[in-house]
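As structure tokens, the structure follows; a few thoughts come after it.
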Amino acid sequence: MAASKYLTGDPSAIDAFLDKFDTFLIDCDGVLWSGDHVFDGIPETIKLLQSKGKRTVFVTNNSTKSRKEYFAKLSSKGIPCQVEDIFGSSYSAAIYISRILKLEPPRNKVFVLGEAGIEAELESEGIPYIGGTDPAYRKLGMEPADFAGIADGSSLDPDVGVVLAGLDFHVNYYKLAHAHGYLRGNHIKDAKNAKNGGKAVFLATNIDSTLPMYHSFFPGAGSASIVALSNMTGDQPLALGKPSQAMMDAVEGKFHLDRTRTCMIGDRLNTDIQFGVEGHLGGTLAVLTGVNKKEDWERTDAPAVPAYYVDGLADLRGASN
Ligand SMILES: [Mg+2]
């Protein structure tokens, strides 16, 4: 495989890079910011790309915020964008449930293990749900009646057809036990004769192992809840965030991309860069302000190797400063 081309401080290489693409799919955490801290020069860089007629689409696996909340955050940081230019894993999951799964009512309800961002996107697609931020599920500890009700299904909702797991800052045993009950089909009376044994479809917004925040790392959706459910059931969820090509198809469908003229920019090899490589985009650009470093893609077992890299996204201003 060809070595990744380093663009920082090389104006002619940056110009040649920018000329190759019309659209940039840009990851947010670890690329634009770390938590609430926006990296230096980011708003100016996005403005520069847009002034050159490039389309900038923000593609994030973080499911805790809806597109509207991302729009508010990007705008408050001086990064020019429109709600339509934001594509999150919650939105991707909602689109998948409503337009691909197309569950027949009444068994079309979603049990949510996640935050308000997921709920907002399910609502935008008209999908009924339970769980999520409902305080009733933020209960600590289990009583005998809780075990009994989940075991015989009497405290479960028979209309649940999907368990959707994302990053949940309030994950607890009580919620996990409910999700597990739905994934086992405990809530379906005649489970033996039901489709797939009555088991709810297991979906994940994303399976990122860590969440970069405040110049450090915290447990990601994959680590905080999804690995627990996978371990209980022995099944892996269908993940709708990067690197899932279901998300790429949805992005392409929405923005009518020419993949050969599109570049994915991100900090993580096994989500962002793999997403771009497997999606046969014209290029991928790694930034070193987040999760992965150069030595990570130089390993023989690297999940994906970027075509280009810069120290930070703002280095793309190099050609035009
Ligand atoms: Mg990232």
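By order in the structure tokens, chains are A, B, ...; within a chain, residues start at 1; ligands start at 1, following the order shown.
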
Could I get the residue neighbourhood of ligand 1 at 7 Å, counting only C-alpha atoms and all ligand atoms, as a list in words?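 Written in the requested form, the residues are Asp27, Cys28, Asp29, Gly30, Val31, Gly266, Asp267, Arg268 and Gly290 of chain A.
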
Using DSSP assignments from the backbone, pull out every residue in range 181-271 of chain A that falls under alpha helix (DSSP H) and give it to me as a list in words. Gly181, Tyr182, Leu183, Arg184, Ala221, Val227, Ala228, Leu229, Ser230, Asn231, Met232, Thr233, Gln245, Ala246, Met247, Met248, Asp249, Ala250, Val251, Glu252, Gly253, Lys254 and Phe255 of chain A

Name the closest residue to Asp315 in chain A among the candidates A:Ala3, A:Ile273, A:Leu48, A:Met232; distances are taken between atoms, counting only C-alpha atoms.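 For Asp315 in chain A, the nearest of the candidates is A:Leu48.
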
Figure out the distance between CA of Thr205 in chain A and CA of Ser63 in chain A, please, to one decimal in Å.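 If I compute the distance from CA of Ser63 in chain A to CA of Thr205 in chain A, I get 6.5 Å.
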
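Taking only C-alpha atoms into account, Lys77 in chain A lies nearest to A:His37 out of the set A:His256, A:Lys294, A:His37, A:Lys65.
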
Write out as a PDB file with N, CA and C atoms, in the first residue's frame each polymer residue whose atoms come within 12 Å of Lys189 in chain A, counting only C-alpha atoms; drop sequence neighbours fewer than 2 positions from it.
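Resulting contents of result-v1.pdb:
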```
ATOM      1  N   ALA A 151     -38.439 -11.538  33.458  1.00  0.00           N
ATOM      2  CA  ALA A 151     -38.333 -12.967  33.117  1.00  0.00           C
ATOM      3  C   ALA A 151     -39.592 -13.471  32.428  1.00  0.00           C
ATOM      4  N   ASP A 152     -40.775 -13.115  32.976  1.00  0.00           N
ATOM      5  CA  ASP A 152     -42.010 -13.626  32.340  1.00  0.00           C
ATOM      6  C   ASP A 152     -42.606 -12.635  31.333  1.00  0.00           C
ATOM      7  N   GLY A 153     -41.936 -11.499  31.157  1.00  0.00           N
ATOM      8  CA  GLY A 153     -42.371 -10.531  30.145  1.00  0.00           C
ATOM      9  C   GLY A 153     -43.496  -9.618  30.601  1.00  0.00           C
ATOM     10  N   SER A 154     -44.006  -9.819  31.820  1.00  0.00           N
ATOM     11  CA  SER A 154     -45.177  -9.034  32.240  1.00  0.00           C
ATOM     12  C   SER A 154     -44.863  -7.549  32.422  1.00  0.00           C
ATOM     13  N   LEU A 156     -42.609  -6.058  30.473  1.00  0.00           N
ATOM     14  CA  LEU A 156     -42.045  -5.600  29.196  1.00  0.00           C
ATOM     15  C   LEU A 156     -43.178  -5.208  28.247  1.00  0.00           C
ATOM     16  N   ASP A 157     -42.848  -4.384  27.255  1.00  0.00           N
ATOM     17  CA  ASP A 157     -43.827  -3.898  26.289  1.00  0.00           C
ATOM     18  C   ASP A 157     -43.860  -4.852  25.086  1.00  0.00           C
ATOM     19  N   PRO A 158     -45.024  -5.484  24.828  1.00  0.00           N
ATOM     20  CA  PRO A 158     -45.087  -6.475  23.734  1.00  0.00           C
ATOM     21  C   PRO A 158     -44.891  -5.865  22.344  1.00  0.00           C
ATOM     22  N   ASP A 159     -44.916  -4.547  22.257  1.00  0.00           N
ATOM     23  CA  ASP A 159     -44.801  -3.907  20.934  1.00  0.00           C
ATOM     24  C   ASP A 159     -43.364  -3.593  20.530  1.00  0.00           C
ATOM     25  N   GLY A 185     -36.538 -11.986  23.583  1.00  0.00           N
ATOM     26  CA  GLY A 185     -37.930 -12.262  23.192  1.00  0.00           C
ATOM     27  C   GLY A 185     -38.815 -12.603  24.373  1.00  0.00           C
ATOM     28  N   ASN A 186     -38.418 -12.244  25.583  1.00  0.00           N
ATOM     29  CA  ASN A 186     -39.228 -12.524  26.777  1.00  0.00           C
ATOM     30  C   ASN A 186     -40.610 -11.870  26.701  1.00  0.00           C
ATOM     31  N   HIS A 187     -40.712 -10.802  25.909  1.00  0.00           N
ATOM     32  CA  HIS A 187     -41.956 -10.025  25.874  1.00  0.00           C
ATOM     33  C   HIS A 187     -42.970 -10.581  24.886  1.00  0.00           C
ATOM     34  N   ALA A 191     -43.426 -16.972  21.695  1.00  0.00           N
ATOM     35  CA  ALA A 191     -42.104 -16.674  21.118  1.00  0.00           C
ATOM     36  C   ALA A 191     -41.627 -17.774  20.164  1.00  0.00           C
ATOM     37  N   LYS A 192     -41.946 -19.016  20.493  1.00  0.00           N
ATOM     38  CA  LYS A 192     -41.469 -20.143  19.668  1.00  0.00           C
ATOM     39  C   LYS A 192     -41.923 -20.024  18.216  1.00  0.00           C
ATOM     40  N   ASN A 193     -43.154 -19.573  18.056  1.00  0.00           N
ATOM     41  CA  ASN A 193     -43.701 -19.475  16.697  1.00  0.00           C
ATOM     42  C   ASN A 193     -43.541 -18.084  16.087  1.00  0.00           C
ATOM     43  N   ALA A 194     -42.970 -17.168  16.853  1.00  0.00           N
ATOM     44  CA  ALA A 194     -42.801 -15.803  16.333  1.00  0.00           C
ATOM     45  C   ALA A 194     -41.551 -15.732  15.465  1.00  0.00           C
ATOM     46  N   GLY A 197     -37.887 -16.071  16.847  1.00  0.00           N
ATOM     47  CA  GLY A 197     -38.084 -16.401  18.258  1.00  0.00           C
ATOM     48  C   GLY A 197     -38.573 -15.234  19.092  1.00  0.00           C
ATOM     49  N   GLY A 198     -39.153 -14.243  18.436  1.00  0.00           N
ATOM     50  CA  GLY A 198     -39.671 -13.082  19.160  1.00  0.00           C
ATOM     51  C   GLY A 198     -38.599 -12.092  19.568  1.00  0.00           C
ATOM     52  N   LYS A 199     -37.365 -12.407  19.211  1.00  0.00           N
ATOM     53  CA  LYS A 199     -36.268 -11.518  19.625  1.00  0.00           C
ATOM     54  C   LYS A 199     -36.348 -10.174  18.912  1.00  0.00           C
TER      55      LYS A 199
END
```

Can you list every residue in range 77-187 of chain A that DSSP puts in strand (DSSP E), as a ChimeraX atom specification? /A:86-88,109-113,129-131,160-165

Include N, CA and C atoms and write out the residues we just selected as a short mmCIF file (atom, residue, chain, number, x, y, z; two decimals), in the first residue's frame.
```cif
data_model
loop_
_atom_site.label_atom_id
_atom_site.label_comp_id
_atom_site.auth_asym_id
_atom_site.auth_seq_id
_atom_site.Cartn_x
_atom_site.Cartn_y
_atom_site.Cartn_z
N ILE A 86 -25.54 18.04 8.34
CA ILE A 86 -25.10 17.24 9.48
C ILE A 86 -25.70 15.84 9.37
N PHE A 87 -24.87 14.84 9.56
CA PHE A 87 -25.34 13.46 9.47
C PHE A 87 -24.78 12.69 10.66
N GLY A 88 -25.64 12.36 11.61
CA GLY A 88 -25.20 11.66 12.82
C GLY A 88 -25.65 10.21 12.83
N LYS A 109 -42.10 -0.71 17.94
CA LYS A 109 -41.58 0.22 18.94
C LYS A 109 -40.10 -0.06 19.18
N VAL A 110 -39.36 0.98 19.55
CA VAL A 110 -37.92 0.86 19.78
C VAL A 110 -37.63 1.04 21.27
N PHE A 111 -36.88 0.08 21.85
CA PHE A 111 -36.37 0.29 23.21
C PHE A 111 -35.01 0.96 23.07
N VAL A 112 -34.89 2.17 23.65
CA VAL A 112 -33.68 2.97 23.47
C VAL A 112 -32.76 2.87 24.68
N LEU A 113 -31.52 2.55 24.41
CA LEU A 113 -30.48 2.64 25.43
C LEU A 113 -29.59 3.79 24.94
N TYR A 129 -41.08 4.96 20.63
CA TYR A 129 -39.98 4.39 21.43
C TYR A 129 -40.30 4.45 22.91
N ILE A 130 -39.58 3.65 23.68
CA ILE A 130 -39.61 3.71 25.14
C ILE A 130 -38.17 3.63 25.63
N GLY A 131 -37.98 3.80 26.94
CA GLY A 131 -36.62 3.77 27.50
C GLY A 131 -35.97 5.13 27.35
N VAL A 160 -42.40 -3.93 21.39
CA VAL A 160 -41.01 -3.61 21.06
C VAL A 160 -40.47 -4.57 19.99
N GLY A 161 -39.97 -3.99 18.89
CA GLY A 161 -39.41 -4.80 17.81
C GLY A 161 -37.92 -4.58 17.62
N VAL A 162 -37.40 -3.51 18.25
CA VAL A 162 -35.99 -3.14 18.06
C VAL A 162 -35.40 -2.68 19.39
N VAL A 163 -34.17 -3.12 19.67
CA VAL A 163 -33.37 -2.50 20.74
C VAL A 163 -32.30 -1.68 20.03
N LEU A 164 -32.29 -0.36 20.29
CA LEU A 164 -31.30 0.52 19.68
C LEU A 164 -30.38 1.05 20.78
N ALA A 165 -29.11 0.66 20.71
CA ALA A 165 -28.16 1.06 21.74
C ALA A 165 -27.17 2.09 21.20
#
```

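Using only C-alpha atoms for every distance, the candidate list A:Thr289, A:Ser76, A:Thr133, A:Ser89 yields A:Ser89 as the residue closest to Pro243 in chain A.
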
Pick from A:Ala204, A:Ala94, A:Cys263, A:Leu176 nearest to Ala228 in chain A, counting only C-alpha atoms: A:Leu176

Please provide the set of residues having any atom within 12 Å of Thr233 in chain A, restricted to only C-alpha atoms, with same-chain residues fewer than 6 positions apart removed, written as a PyMOL selection string. chain A and resi 176-177+179-185+199-202+226-227

Those residues you just picked out, can you put them in a file as a compact mmCIF listing (two decimals), in the first residue's frame with C-alpha atoms?
```txt
# COMPACT_ATOMS: atom_id res chain seq x y z
CA LEU A 176 -29.53 -3.46 30.52
CA ALA A 177 -31.82 -6.13 31.99
CA ALA A 179 -32.81 -4.50 26.82
CA HIS A 180 -31.67 -8.09 27.35
CA GLY A 181 -35.27 -9.22 27.97
CA TYR A 182 -36.32 -7.73 24.60
CA LEU A 183 -33.33 -9.23 22.80
CA ARG A 184 -34.29 -12.66 24.22
CA GLY A 185 -37.93 -12.26 23.19
CA LYS A 199 -36.27 -11.52 19.62
CA ALA A 200 -36.05 -7.77 19.06
CA VAL A 201 -33.68 -6.63 16.29
CA PHE A 202 -30.37 -5.53 17.82
CA ILE A 226 -23.08 -2.51 23.61
CA VAL A 227 -20.28 -4.89 24.55
```

Please determine, counting only C-alpha atoms, which residue among A:Pro219, A:Pro303, A:Pro43, A:Gly276 has the shortest atom-to-atom distance to Gly78 in chain A.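 Answer, going by the shortest atom-to-atom distance: A:Pro43.
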
With a distance cut-off of 10 Å and only C-alpha atoms, select the neighbouring residues of Lys54 in chain A, excluding the residue or stretch itself and same-chain residues fewer than 3 positions from it, and output the selection as a PDB file with N, CA and C atoms, in the first residue's frame.
```
ATOM      1  N   LEU A  18      -6.727  19.645  -2.426  1.00  0.00           N
ATOM      2  CA  LEU A  18      -8.041  20.306  -2.439  1.00  0.00           C
ATOM      3  C   LEU A  18      -8.682  20.238  -3.826  1.00  0.00           C
ATOM      4  N   ASP A  19      -7.845  20.308  -4.873  1.00  0.00           N
ATOM      5  CA  ASP A  19      -8.382  20.264  -6.241  1.00  0.00           C
ATOM      6  C   ASP A  19      -9.026  18.923  -6.580  1.00  0.00           C
ATOM      7  N   PHE A  21     -11.083  17.186  -4.816  1.00  0.00           N
ATOM      8  CA  PHE A  21     -12.369  16.881  -4.169  1.00  0.00           C
ATOM      9  C   PHE A  21     -13.369  18.031  -4.257  1.00  0.00           C
ATOM     10  N   ASP A  22     -14.660  17.641  -4.330  1.00  0.00           N
ATOM     11  CA  ASP A  22     -15.762  18.614  -4.284  1.00  0.00           C
ATOM     12  C   ASP A  22     -16.439  18.595  -2.917  1.00  0.00           C
ATOM     13  N   THR A  23     -16.393  17.415  -2.270  1.00  0.00           N
ATOM     14  CA  THR A  23     -17.117  17.238  -1.009  1.00  0.00           C
ATOM     15  C   THR A  23     -16.188  16.673   0.061  1.00  0.00           C
ATOM     16  N   PHE A  24     -16.279  17.232   1.244  1.00  0.00           N
ATOM     17  CA  PHE A  24     -15.526  16.702   2.383  1.00  0.00           C
ATOM     18  C   PHE A  24     -16.518  16.236   3.449  1.00  0.00           C
ATOM     19  N   ILE A  46     -12.918  25.730   7.780  1.00  0.00           N
ATOM     20  CA  ILE A  46     -14.196  25.324   7.175  1.00  0.00           C
ATOM     21  C   ILE A  46     -14.669  26.424   6.216  1.00  0.00           C
ATOM     22  N   LYS A  47     -14.515  27.683   6.644  1.00  0.00           N
ATOM     23  CA  LYS A  47     -14.898  28.803   5.761  1.00  0.00           C
ATOM     24  C   LYS A  47     -14.071  28.778   4.481  1.00  0.00           C
ATOM     25  N   LEU A  48     -12.785  28.490   4.613  1.00  0.00           N
ATOM     26  CA  LEU A  48     -11.903  28.440   3.438  1.00  0.00           C
ATOM     27  C   LEU A  48     -12.382  27.363   2.454  1.00  0.00           C
ATOM     28  N   LEU A  49     -12.685  26.179   2.982  1.00  0.00           N
ATOM     29  CA  LEU A  49     -13.158  25.093   2.107  1.00  0.00           C
ATOM     30  C   LEU A  49     -14.433  25.529   1.389  1.00  0.00           C
ATOM     31  N   GLN A  50     -15.339  26.131   2.145  1.00  0.00           N
ATOM     32  CA  GLN A  50     -16.611  26.552   1.548  1.00  0.00           C
ATOM     33  C   GLN A  50     -16.386  27.666   0.510  1.00  0.00           C
ATOM     34  N   SER A  51     -15.423  28.570   0.779  1.00  0.00           N
ATOM     35  CA  SER A  51     -15.157  29.667  -0.167  1.00  0.00           C
ATOM     36  C   SER A  51     -14.582  29.142  -1.476  1.00  0.00           C
ATOM     37  N   VAL A  57     -19.773  18.356   4.829  1.00  0.00           N
ATOM     38  CA  VAL A  57     -20.817  17.577   5.496  1.00  0.00           C
ATOM     39  C   VAL A  57     -20.219  17.019   6.784  1.00  0.00           C
ATOM     40  N   THR A 262     -15.029  12.754  -3.420  1.00  0.00           N
ATOM     41  CA  THR A 262     -15.363  12.951  -2.009  1.00  0.00           C
ATOM     42  C   THR A 262     -14.229  12.432  -1.133  1.00  0.00           C
TER      43      THR A 262
END
```

Polymer residues at most 7 Å from Pro306 in chain A, only C-alpha atoms, same-chain spacing of 3 or more positions, as a ChimeraX atom specification: /A:4,273,284-286,309

Go ahead and write the selection's residues with N, CA and C atoms as a PDB file, in the first residue's frame.
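For reference, selection03.pdb as written:
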```
ATOM      1  N   SER A   4       1.088   7.079   3.293  1.00  0.00           N
ATOM      2  CA  SER A   4       0.186   8.221   3.437  1.00  0.00           C
ATOM      3  C   SER A   4       0.964   9.495   3.165  1.00  0.00           C
ATOM      4  N   ILE A 273     -11.572   6.405   8.763  1.00  0.00           N
ATOM      5  CA  ILE A 273     -10.728   6.081   7.606  1.00  0.00           C
ATOM      6  C   ILE A 273     -11.223   4.794   6.939  1.00  0.00           C
ATOM      7  N   THR A 284      -8.968   9.777   1.667  1.00  0.00           N
ATOM      8  CA  THR A 284      -9.188   9.854   3.113  1.00  0.00           C
ATOM      9  C   THR A 284      -8.070  10.705   3.694  1.00  0.00           C
ATOM     10  N   LEU A 285      -8.407  11.514   4.677  1.00  0.00           N
ATOM     11  CA  LEU A 285      -7.424  12.381   5.342  1.00  0.00           C
ATOM     12  C   LEU A 285      -7.506  12.147   6.840  1.00  0.00           C
ATOM     13  N   ALA A 286      -6.386  11.748   7.433  1.00  0.00           N
ATOM     14  CA  ALA A 286      -6.339  11.569   8.883  1.00  0.00           C
ATOM     15  C   ALA A 286      -5.790  12.837   9.531  1.00  0.00           C
ATOM     16  N   TYR A 309      -2.463  12.749   5.422  1.00  0.00           N
ATOM     17  CA  TYR A 309      -2.616  13.138   6.819  1.00  0.00           C
ATOM     18  C   TYR A 309      -2.020  14.517   7.070  1.00  0.00           C
TER      19      TYR A 309
END
```

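In this structure, CA of Asn108 in chain A sits 7.6 Å away from CA of Ile127 in chain A.
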
Pick from A:Leu257, A:Ile265, A:Leu238, A:Ala72: nearest to Val310 in chain A, with only C-alpha atoms counted?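 Smallest distance to Val310 in chain A is found for A:Ile265.
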